[in-house]
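Colleague: Before I ask anything, let me first share the structure, which is written out below as structure tokens.
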Amino acid sequence: MGVNARTPLIAGNWKMNLDHLQAVAFVQKLHWTLKDAKFEEGSVEVAVFPPFTDIRSVQTLIDADKIPFALGAQDISTHDSGAYTGEVSGAFLSKLQCGYVIIGHSERREYHNETDEVVAAKTRAALKHGIVPVICVGETAEDLEKHGASAVPVAQLAAVLDGLDKKSDIVVAYEPVWAIGSGQAATPQQAQDVCAALRGVIAEKLGADAAARTRVLYGGSVKAANIASFMREPDVDGALVGGASLVVDEFAAIARYQKHVGV
Ligand code: PGA
């Protein structure tokens, strides 16, 4: 499978923003905006990751209006069901047609003490329920200074991929912690170097086919003005977008990056 065989993925991580009413209005507006701009469905996969409380409303809208967006959740329980107050099972998410789930975002690693073991268990839970895990890895500013850019993300990914089935359908997101919400994105070259190293880990743990097929995203202060420069890199297959995914015109322009790749 050649590099161009991977469908680019533009994923909007809403974090804890937009209630279910705002979510419906937002997704409708995003759909119309892309339609008006003659966005080619299928050339780029667009996915939204709303809070849990919005998912049913967004799923119903996507379904009724045949909106070509994938739907994802921002977290998943390691358990299937039972006495786990406040947790959400992958079984429930897959019933709601969630095709993706973000796992191990740096905010969860930092504020909810998610270790590589927890990230690995959540990855297995997602796969068990037929949901594609978007496995997030990335170094802090301190890690960057001490170990360079790739060491920490490579180790985080290796710990999660150990023991996974070689056929597992996963997405990896490289998100340097220092670039998230800071306005200070990595350079395209930095993103390329780490994404290539992560693809190397996939090759080592899951084999060459998995490495060729798996999409590796960059995330951290992605916006309409810099997306094209990341997407020109051979090992960057898309973006995980936070702040800019909450602004319809901005996110639509990111999804339409192919129209401004020459910029
Ligand atoms: P940002 O967030 O685009 O606001 O930097 C990215 C993320 O946390 O996924």
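Chain labels A, B, ... are given in the sequence in which chains occur in the structure tokens; within each chain residues are numbered consecutively from 1, and ligands are likewise numbered from 1 in the order shown.
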Set the distance at 9 Å and use only C-alpha atoms: which residues neighbour A:Gly181 once local chain neighbours fewer than 4 positions away are removed? I'd like the list as a list of chain:residue names.

Modeller: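 Result of the neighbour search: A:Val177, A:Ala185, A:Gly220, A:Ser221, A:Gly242, A:Gly243.
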
Colleague: List all protein, DNA and RNA residues that have an atom no more than 10 Å from any atom of ligand 1, counting only C-alpha atoms and all ligand atoms, and report them as a ChimeraX atom specification.

Modeller: /A:11-15,102,105-107,136,173-185,218-223,239-246

Colleague: Got a sec: who's within 9 Å of stretch 36-50 of chain A, counting only C-alpha atoms, leaving out chain neighbours fewer than 4 positions off, as an mmCIF file with N, CA, C and O atoms, in the first residue's frame?

Modeller:
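What follows is the written file around-v4.cif:
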data_model
loop_
_atom_site.group_PDB
_atom_site.id
_atom_site.type_symbol
_atom_site.label_atom_id
_atom_site.label_comp_id
_atom_site.auth_asym_id
_atom_site.auth_seq_id
_atom_site.Cartn_x
_atom_site.Cartn_y
_atom_site.Cartn_z
ATOM 1 N N THR A 7 -6.472 7.406 3.540
ATOM 2 C CA THR A 7 -7.409 8.534 3.467
ATOM 3 C C THR A 7 -7.096 9.509 4.604
ATOM 4 O O THR A 7 -7.089 9.108 5.769
ATOM 5 N N PRO A 8 -6.836 10.769 4.270
ATOM 6 C CA PRO A 8 -6.535 11.731 5.337
ATOM 7 C C PRO A 8 -7.715 11.848 6.311
ATOM 8 O O PRO A 8 -8.870 11.762 5.905
ATOM 9 N N LEU A 9 -7.397 12.044 7.561
ATOM 10 C CA LEU A 9 -8.422 12.179 8.609
ATOM 11 C C LEU A 9 -8.276 13.521 9.310
ATOM 12 O O LEU A 9 -7.208 13.827 9.851
ATOM 13 N N ILE A 10 -9.334 14.311 9.248
ATOM 14 C CA ILE A 10 -9.360 15.582 9.973
ATOM 15 C C ILE A 10 -10.361 15.411 11.108
ATOM 16 O O ILE A 10 -11.565 15.248 10.878
ATOM 17 N N ALA A 11 -9.848 15.409 12.323
ATOM 18 C CA ALA A 11 -10.654 15.062 13.488
ATOM 19 C C ALA A 11 -10.786 16.256 14.423
ATOM 20 O O ALA A 11 -9.785 16.883 14.778
ATOM 21 N N GLY A 12 -12.007 16.565 14.818
ATOM 22 C CA GLY A 12 -12.259 17.691 15.710
ATOM 23 C C GLY A 12 -12.523 17.217 17.133
ATOM 24 O O GLY A 12 -13.553 16.596 17.402
ATOM 25 N N ASN A 13 -11.580 17.496 18.014
ATOM 26 C CA ASN A 13 -11.721 17.150 19.431
ATOM 27 C C ASN A 13 -12.322 18.354 20.147
ATOM 28 O O ASN A 13 -11.630 19.323 20.425
ATOM 29 N N TRP A 14 -13.619 18.267 20.423
ATOM 30 C CA TRP A 14 -14.315 19.416 21.019
ATOM 31 C C TRP A 14 -13.963 19.616 22.485
ATOM 32 O O TRP A 14 -14.277 20.656 23.058
ATOM 33 N N LYS A 15 -13.389 18.588 23.101
ATOM 34 C CA LYS A 15 -13.119 18.632 24.554
ATOM 35 C C LYS A 15 -14.440 18.934 25.280
ATOM 36 O O LYS A 15 -15.494 18.499 24.817
ATOM 37 N N MET A 16 -14.410 19.696 26.385
ATOM 38 C CA MET A 16 -15.661 19.932 27.119
ATOM 39 C C MET A 16 -16.288 21.252 26.654
ATOM 40 O O MET A 16 -16.360 22.225 27.406
ATOM 41 N N ASN A 17 -16.717 21.244 25.393
ATOM 42 C CA ASN A 17 -17.335 22.427 24.787
ATOM 43 C C ASN A 17 -18.559 21.998 23.992
ATOM 44 O O ASN A 17 -18.578 20.893 23.442
ATOM 45 N N LEU A 18 -19.540 22.865 23.901
ATOM 46 C CA LEU A 18 -20.787 22.705 23.142
ATOM 47 C C LEU A 18 -21.738 21.686 23.812
ATOM 48 O O LEU A 18 -21.400 20.503 23.921
ATOM 49 N N ASP A 19 -22.917 22.179 24.219
ATOM 50 C CA ASP A 19 -23.929 21.256 24.735
ATOM 51 C C ASP A 19 -24.640 20.596 23.555
ATOM 52 O O ASP A 19 -24.314 20.886 22.398
ATOM 53 N N HIS A 20 -25.616 19.742 23.821
ATOM 54 C CA HIS A 20 -26.176 18.967 22.699
ATOM 55 C C HIS A 20 -26.942 19.835 21.700
ATOM 56 O O HIS A 20 -26.986 19.504 20.515
ATOM 57 N N ALA A 23 -24.320 21.545 19.681
ATOM 58 C CA ALA A 23 -23.662 20.530 18.858
ATOM 59 C C ALA A 23 -24.432 20.290 17.563
ATOM 60 O O ALA A 23 -23.852 20.213 16.477
ATOM 61 N N VAL A 27 -22.948 21.066 13.850
ATOM 62 C CA VAL A 27 -22.726 20.027 12.834
ATOM 63 C C VAL A 27 -23.512 20.352 11.561
ATOM 64 O O VAL A 27 -23.013 20.173 10.447
ATOM 65 N N HIS A 31 -21.759 21.095 7.961
ATOM 66 C CA HIS A 31 -22.169 20.337 6.785
ATOM 67 C C HIS A 31 -22.520 21.276 5.633
ATOM 68 O O HIS A 31 -22.049 21.111 4.505
ATOM 69 N N TRP A 32 -23.328 22.292 5.924
ATOM 70 C CA TRP A 32 -23.716 23.243 4.869
ATOM 71 C C TRP A 32 -22.504 23.987 4.334
ATOM 72 O O TRP A 32 -22.385 24.211 3.128
ATOM 73 N N ASP A 54 -23.645 14.815 24.055
ATOM 74 C CA ASP A 54 -24.074 15.278 22.721
ATOM 75 C C ASP A 54 -24.196 14.132 21.720
ATOM 76 O O ASP A 54 -24.760 14.315 20.632
ATOM 77 N N ILE A 55 -23.629 12.999 22.049
ATOM 78 C CA ILE A 55 -23.409 11.985 21.010
ATOM 79 C C ILE A 55 -24.708 11.495 20.380
ATOM 80 O O ILE A 55 -24.817 11.396 19.153
ATOM 81 N N VAL A 58 -26.087 14.148 17.977
ATOM 82 C CA VAL A 58 -25.277 14.273 16.760
ATOM 83 C C VAL A 58 -25.461 13.031 15.884
ATOM 84 O O VAL A 58 -25.589 13.130 14.660
ATOM 85 N N PRO A 68 -21.874 13.227 5.889
ATOM 86 C CA PRO A 68 -20.721 12.326 5.724
ATOM 87 C C PRO A 68 -19.613 12.558 6.754
ATOM 88 O O PRO A 68 -18.448 12.650 6.397
ATOM 89 N N PHE A 69 -19.978 12.679 8.023
ATOM 90 C CA PHE A 69 -18.962 12.836 9.067
ATOM 91 C C PHE A 69 -18.935 11.585 9.925
ATOM 92 O O PHE A 69 -19.979 11.015 10.227
ATOM 93 N N ALA A 70 -17.732 11.220 10.337
ATOM 94 C CA ALA A 70 -17.612 10.141 11.313
ATOM 95 C C ALA A 70 -17.803 10.741 12.702
ATOM 96 O O ALA A 70 -17.592 11.932 12.921
ATOM 97 N N LEU A 71 -18.220 9.861 13.616
ATOM 98 C CA LEU A 71 -18.509 10.306 14.974
ATOM 99 C C LEU A 71 -17.584 9.562 15.936
ATOM 100 O O LEU A 71 -17.333 8.366 15.767
ATOM 101 N N GLY A 72 -17.114 10.289 16.927
ATOM 102 C CA GLY A 72 -16.241 9.638 17.907
ATOM 103 C C GLY A 72 -16.506 10.155 19.302
ATOM 104 O O GLY A 72 -17.140 11.199 19.492
ATOM 105 N N ALA A 73 -16.021 9.407 20.293
ATOM 106 C CA ALA A 73 -16.112 9.819 21.697
ATOM 107 C C ALA A 73 -14.720 10.236 22.169
ATOM 108 O O ALA A 73 -13.720 9.985 21.481
ATOM 109 N N GLN A 74 -14.686 10.863 23.325
ATOM 110 C CA GLN A 74 -13.410 11.390 23.834
ATOM 111 C C GLN A 74 -12.766 10.477 24.866
ATOM 112 O O GLN A 74 -11.651 10.754 25.344
ATOM 113 N N TYR A 100 -14.997 5.970 16.237
ATOM 114 C CA TYR A 100 -13.692 6.293 16.804
ATOM 115 C C TYR A 100 -13.814 6.649 18.281
ATOM 116 O O TYR A 100 -14.874 7.089 18.735
ATOM 117 N N VAL A 101 -12.711 6.508 18.982
ATOM 118 C CA VAL A 101 -12.632 7.054 20.334
ATOM 119 C C VAL A 101 -11.207 7.549 20.590
ATOM 120 O O VAL A 101 -10.237 6.870 20.236
ATOM 121 N N ILE A 102 -11.120 8.748 21.146
ATOM 122 C CA ILE A 102 -9.802 9.302 21.506
ATOM 123 C C ILE A 102 -9.354 8.616 22.796
ATOM 124 O O ILE A 102 -10.122 8.526 23.755
ATOM 125 N N GLY A 238 -3.105 13.431 8.681
ATOM 126 C CA GLY A 238 -4.283 14.163 9.118
ATOM 127 C C GLY A 238 -3.969 14.933 10.375
ATOM 128 O O GLY A 238 -2.804 15.057 10.762
ATOM 129 N N SER A 245 -11.400 23.419 15.988
ATOM 130 C CA SER A 245 -12.515 22.562 15.557
ATOM 131 C C SER A 245 -13.850 23.104 16.062
ATOM 132 O O SER A 245 -14.907 22.581 15.724
ATOM 133 N N ALA A 252 -13.898 24.010 8.704
ATOM 134 C CA ALA A 252 -14.220 23.691 7.308
ATOM 135 C C ALA A 252 -12.996 23.965 6.424
ATOM 136 O O ALA A 252 -12.673 23.180 5.523
ATOM 137 N N ALA A 255 -10.542 21.175 6.860
ATOM 138 C CA ALA A 255 -10.970 19.973 6.125
ATOM 139 C C ALA A 255 -10.720 20.135 4.625
ATOM 140 O O ALA A 255 -10.474 19.161 3.916
ATOM 141 N N ARG A 256 -10.747 21.378 4.156
ATOM 142 C CA ARG A 256 -10.547 21.663 2.728
ATOM 143 C C ARG A 256 -9.088 22.005 2.410
ATOM 144 O O ARG A 256 -8.805 22.683 1.420
ATOM 145 N N GLN A 258 -6.853 20.593 0.990
ATOM 146 C CA GLN A 258 -6.344 20.228 -0.344
ATOM 147 C C GLN A 258 -6.481 21.376 -1.331
ATOM 148 O O GLN A 258 -5.798 21.417 -2.337
#

Colleague: Could you pull the residues within 9 Å of A:Lys166, counting only C-alpha atoms, minus those fewer than 4 positions along the same chain, as JSON, numbers by chain?

Modeller: {"A": [205, 206, 207, 209, 210]}

Colleague: Pick out the residues sitting within 7 Å of A:Ala149, and hand them over as a list of chain:residue names; count only C-alpha atoms, and ignore anything fewer than 2 positions along from it in its own chain.

Modeller: A:Glu139, A:Leu144, A:His147, A:Ala151, A:Val194

Colleague: Could you check which of A:Phe251, A:Arg108, A:Ala208, A:Arg199 is closest to A:Asp237, using only C-alpha atoms?

Modeller: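 Of A:Phe251, A:Arg108, A:Ala208, A:Arg199, the one nearest A:Asp237 is A:Arg199, counting only C-alpha atoms.
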
Colleague: As an exercise, work out the distance from atom CA of A:Leu217 to atom CA of A:His260 in Å and give it to one decimal place.

Modeller: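 Atom CA of A:His260 lies at a distance of 18.6 Å from atom CA of A:Leu217.
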
Colleague: Could you give me, as a ChimeraX atom specification, each residue of stretch 18-261 of chain A that DSSP assigns to strand (DSSP E) when run on this structure's backbone?

Modeller: /A:45-49,69-73,100-103,132-137,171-174,215-219,238-241

Colleague: Can I get the selected residues back with N, CA, C and O atoms, as a short mmCIF file (atom, residue, chain, number, x, y, z; two decimals), in the first residue's frame?

Modeller:
data_model
loop_
_atom_site.label_atom_id
_atom_site.label_comp_id
_atom_site.auth_asym_id
_atom_site.auth_seq_id
_atom_site.Cartn_x
_atom_site.Cartn_y
_atom_site.Cartn_z
N GLU A 45 -11.53 12.32 5.24
CA GLU A 45 -12.53 11.91 6.22
C GLU A 45 -12.59 12.96 7.33
O GLU A 45 -11.56 13.37 7.87
N VAL A 46 -13.82 13.41 7.61
CA VAL A 46 -14.02 14.41 8.67
C VAL A 46 -14.68 13.70 9.84
O VAL A 46 -15.67 12.99 9.67
N ALA A 47 -14.14 13.90 11.04
CA ALA A 47 -14.73 13.26 12.22
C ALA A 47 -14.90 14.29 13.33
O ALA A 47 -14.06 15.18 13.48
N VAL A 48 -16.01 14.18 14.06
CA VAL A 48 -16.22 15.06 15.21
C VAL A 48 -16.27 14.22 16.49
O VAL A 48 -16.79 13.10 16.49
N PHE A 49 -15.71 14.79 17.54
CA PHE A 49 -15.63 14.10 18.83
C PHE A 49 -16.28 14.98 19.90
O PHE A 49 -15.60 15.72 20.61
N PHE A 69 -19.98 12.68 8.02
CA PHE A 69 -18.96 12.84 9.07
C PHE A 69 -18.93 11.59 9.93
O PHE A 69 -19.98 11.02 10.23
N ALA A 70 -17.73 11.22 10.34
CA ALA A 70 -17.61 10.14 11.31
C ALA A 70 -17.80 10.74 12.70
O ALA A 70 -17.59 11.93 12.92
N LEU A 71 -18.22 9.86 13.62
CA LEU A 71 -18.51 10.31 14.97
C LEU A 71 -17.58 9.56 15.94
O LEU A 71 -17.33 8.37 15.77
N GLY A 72 -17.11 10.29 16.93
CA GLY A 72 -16.24 9.64 17.91
C GLY A 72 -16.51 10.15 19.30
O GLY A 72 -17.14 11.20 19.49
N ALA A 73 -16.02 9.41 20.29
CA ALA A 73 -16.11 9.82 21.70
C ALA A 73 -14.72 10.24 22.17
O ALA A 73 -13.72 9.98 21.48
N TYR A 100 -15.00 5.97 16.24
CA TYR A 100 -13.69 6.29 16.80
C TYR A 100 -13.81 6.65 18.28
O TYR A 100 -14.87 7.09 18.74
N VAL A 101 -12.71 6.51 18.98
CA VAL A 101 -12.63 7.05 20.33
C VAL A 101 -11.21 7.55 20.59
O VAL A 101 -10.24 6.87 20.24
N ILE A 102 -11.12 8.75 21.15
CA ILE A 102 -9.80 9.30 21.51
C ILE A 102 -9.35 8.62 22.80
O ILE A 102 -10.12 8.53 23.75
N ILE A 103 -8.13 8.14 22.80
CA ILE A 103 -7.62 7.45 23.99
C ILE A 103 -6.27 8.05 24.38
O ILE A 103 -5.40 8.27 23.53
N VAL A 132 -12.48 2.29 16.42
CA VAL A 132 -11.08 2.56 16.12
C VAL A 132 -10.51 3.51 17.19
O VAL A 132 -11.00 4.64 17.34
N PRO A 133 -9.51 3.06 17.92
CA PRO A 133 -8.91 3.95 18.92
C PRO A 133 -8.00 4.98 18.26
O PRO A 133 -7.23 4.64 17.37
N VAL A 134 -8.13 6.24 18.67
CA VAL A 134 -7.21 7.29 18.23
C VAL A 134 -6.24 7.46 19.42
O VAL A 134 -6.56 8.13 20.40
N ILE A 135 -5.12 6.80 19.32
CA ILE A 135 -4.18 6.71 20.45
C ILE A 135 -3.29 7.95 20.45
O ILE A 135 -2.53 8.18 19.50
N CYS A 136 -3.40 8.75 21.52
CA CYS A 136 -2.64 10.00 21.58
C CYS A 136 -1.34 9.82 22.36
O CYS A 136 -1.35 9.25 23.46
N VAL A 137 -0.28 10.34 21.79
CA VAL A 137 1.03 10.31 22.44
C VAL A 137 1.70 11.67 22.23
O VAL A 137 1.34 12.40 21.30
N VAL A 171 -5.68 4.40 14.88
CA VAL A 171 -5.14 5.68 14.42
C VAL A 171 -4.22 6.15 15.53
O VAL A 171 -4.50 5.93 16.71
N VAL A 172 -3.12 6.79 15.16
CA VAL A 172 -2.20 7.33 16.16
C VAL A 172 -2.17 8.85 15.99
O VAL A 172 -2.16 9.35 14.85
N ALA A 173 -2.21 9.57 17.11
CA ALA A 173 -2.12 11.03 17.03
C ALA A 173 -0.90 11.50 17.82
O ALA A 173 -0.80 11.23 19.03
N TYR A 174 0.01 12.15 17.12
CA TYR A 174 1.17 12.75 17.79
C TYR A 174 0.81 14.17 18.20
O TYR A 174 0.57 15.04 17.34
N ARG A 215 -3.13 5.42 9.91
CA ARG A 215 -2.99 6.87 9.80
C ARG A 215 -2.36 7.44 11.07
O ARG A 215 -2.77 7.11 12.17
N VAL A 216 -1.38 8.29 10.85
CA VAL A 216 -0.70 8.97 11.95
C VAL A 216 -1.02 10.46 11.80
O VAL A 216 -0.73 11.06 10.76
N LEU A 217 -1.65 11.03 12.82
CA LEU A 217 -2.09 12.42 12.77
C LEU A 217 -1.12 13.31 13.57
O LEU A 217 -0.45 12.83 14.48
N TYR A 218 -1.12 14.57 13.21
CA TYR A 218 -0.44 15.56 14.05
C TYR A 218 -1.52 16.38 14.76
O TYR A 218 -2.56 16.70 14.15
N GLY A 219 -1.28 16.76 16.00
CA GLY A 219 -2.20 17.65 16.72
C GLY A 219 -1.43 18.61 17.60
O GLY A 219 -0.36 18.28 18.13
N GLY A 238 -3.11 13.43 8.68
CA GLY A 238 -4.28 14.16 9.12
C GLY A 238 -3.97 14.93 10.37
O GLY A 238 -2.80 15.06 10.76
N ALA A 239 -5.04 15.45 10.99
CA ALA A 239 -4.83 16.29 12.17
C ALA A 239 -5.90 16.04 13.21
O ALA A 239 -7.06 15.75 12.88
N LEU A 240 -5.48 16.14 14.46
CA LEU A 240 -6.41 16.16 15.59
C LEU A 240 -6.45 17.62 16.04
O LEU A 240 -5.44 18.17 16.46
N VAL A 241 -7.63 18.22 15.88
CA VAL A 241 -7.76 19.67 16.04
C VAL A 241 -8.62 19.97 17.27
O VAL A 241 -9.72 19.44 17.39
#

Colleague: Have a look at atom CA of A:Ala191 and atom CA of A:Gly138 and let me know their distance in Å, one decimal.

Modeller: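 We find that atom CA of A:Ala191 and atom CA of A:Gly138 lie 10.7 Å from each other.
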
Colleague: Have a look at A:Thr85, A:Thr115, A:Thr140, A:Gln59 and name the one nearest to A:Gly99; count only C-alpha atoms.

Modeller: A:Gln59

Colleague: As number ranges by chain, please: all residues of stretch 39-143 of chain A that backbone DSSP puts in helix (DSSP H, G or I).

Modeller: A: 52-64, 90-95, 106-111, 116-128, 141-143

Colleague: Which residues are close to A:Gly90, i.e. within 7 Å by only C-alpha atoms, leaving aside same-chain residues fewer than 3 positions away? Reply as a PyMOL selection string.

Modeller: chain A and resi 76-77+80+93-94+125-126+129

Colleague: Write the residues of the selection above to a file with N, CA, C and O atoms, as an mmCIF file, in the first residue's frame.

Modeller:
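The result, written out as result21.cif:
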data_model
loop_
_atom_site.group_PDB
_atom_site.id
_atom_site.type_symbol
_atom_site.label_atom_id
_atom_site.label_comp_id
_atom_site.auth_asym_id
_atom_site.auth_seq_id
_atom_site.Cartn_x
_atom_site.Cartn_y
_atom_site.Cartn_z
ATOM 1 N N ILE A 76 -13.313 6.184 26.869
ATOM 2 C CA ILE A 76 -14.031 4.908 26.912
ATOM 3 C C ILE A 76 -13.632 4.215 28.213
ATOM 4 O O ILE A 76 -12.506 4.395 28.691
ATOM 5 N N SER A 77 -14.533 3.426 28.751
ATOM 6 C CA SER A 77 -14.185 2.656 29.953
ATOM 7 C C SER A 77 -13.361 1.433 29.555
ATOM 8 O O SER A 77 -13.509 0.903 28.455
ATOM 9 N N ASP A 80 -16.753 -3.413 30.330
ATOM 10 C CA ASP A 80 -17.902 -3.510 29.422
ATOM 11 C C ASP A 80 -19.196 -3.040 30.064
ATOM 12 O O ASP A 80 -20.071 -2.489 29.407
ATOM 13 N N LEU A 93 -21.115 2.993 23.126
ATOM 14 C CA LEU A 93 -20.596 3.881 22.068
ATOM 15 C C LEU A 93 -20.793 3.247 20.699
ATOM 16 O O LEU A 93 -21.168 3.932 19.739
ATOM 17 N N SER A 94 -20.553 1.960 20.605
ATOM 18 C CA SER A 94 -20.697 1.354 19.283
ATOM 19 C C SER A 94 -22.176 1.283 18.894
ATOM 20 O O SER A 94 -22.512 1.420 17.717
ATOM 21 N N ALA A 125 -10.221 -2.208 24.840
ATOM 22 C CA ALA A 125 -11.689 -2.112 24.999
ATOM 23 C C ALA A 125 -12.322 -1.576 23.715
ATOM 24 O O ALA A 125 -13.345 -2.089 23.251
ATOM 25 N N ALA A 126 -11.703 -0.546 23.129
ATOM 26 C CA ALA A 126 -12.249 0.029 21.895
ATOM 27 C C ALA A 126 -12.263 -1.029 20.790
ATOM 28 O O ALA A 126 -13.289 -1.250 20.130
ATOM 29 N N HIS A 129 -14.920 -3.633 20.872
ATOM 30 C CA HIS A 129 -16.261 -3.192 20.488
ATOM 31 C C HIS A 129 -16.311 -2.643 19.059
ATOM 32 O O HIS A 129 -17.284 -1.995 18.670
#

Colleague: Taking only C-alpha atoms into account, which of A:Leu61, A:Ala186, A:Ala5, A:Val152 comes nearest A:Leu21?

Modeller: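 Once distances to A:Leu21 are computed over only C-alpha atoms, the minimum belongs to A:Leu61.
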
Colleague: Could you check the closest approach to A:Thr214 for each of A:Ile170, A:Ala197, A:Leu161, A:Val248 and tell me which residue wins, using only C-alpha atoms?

Modeller: A:Ile170
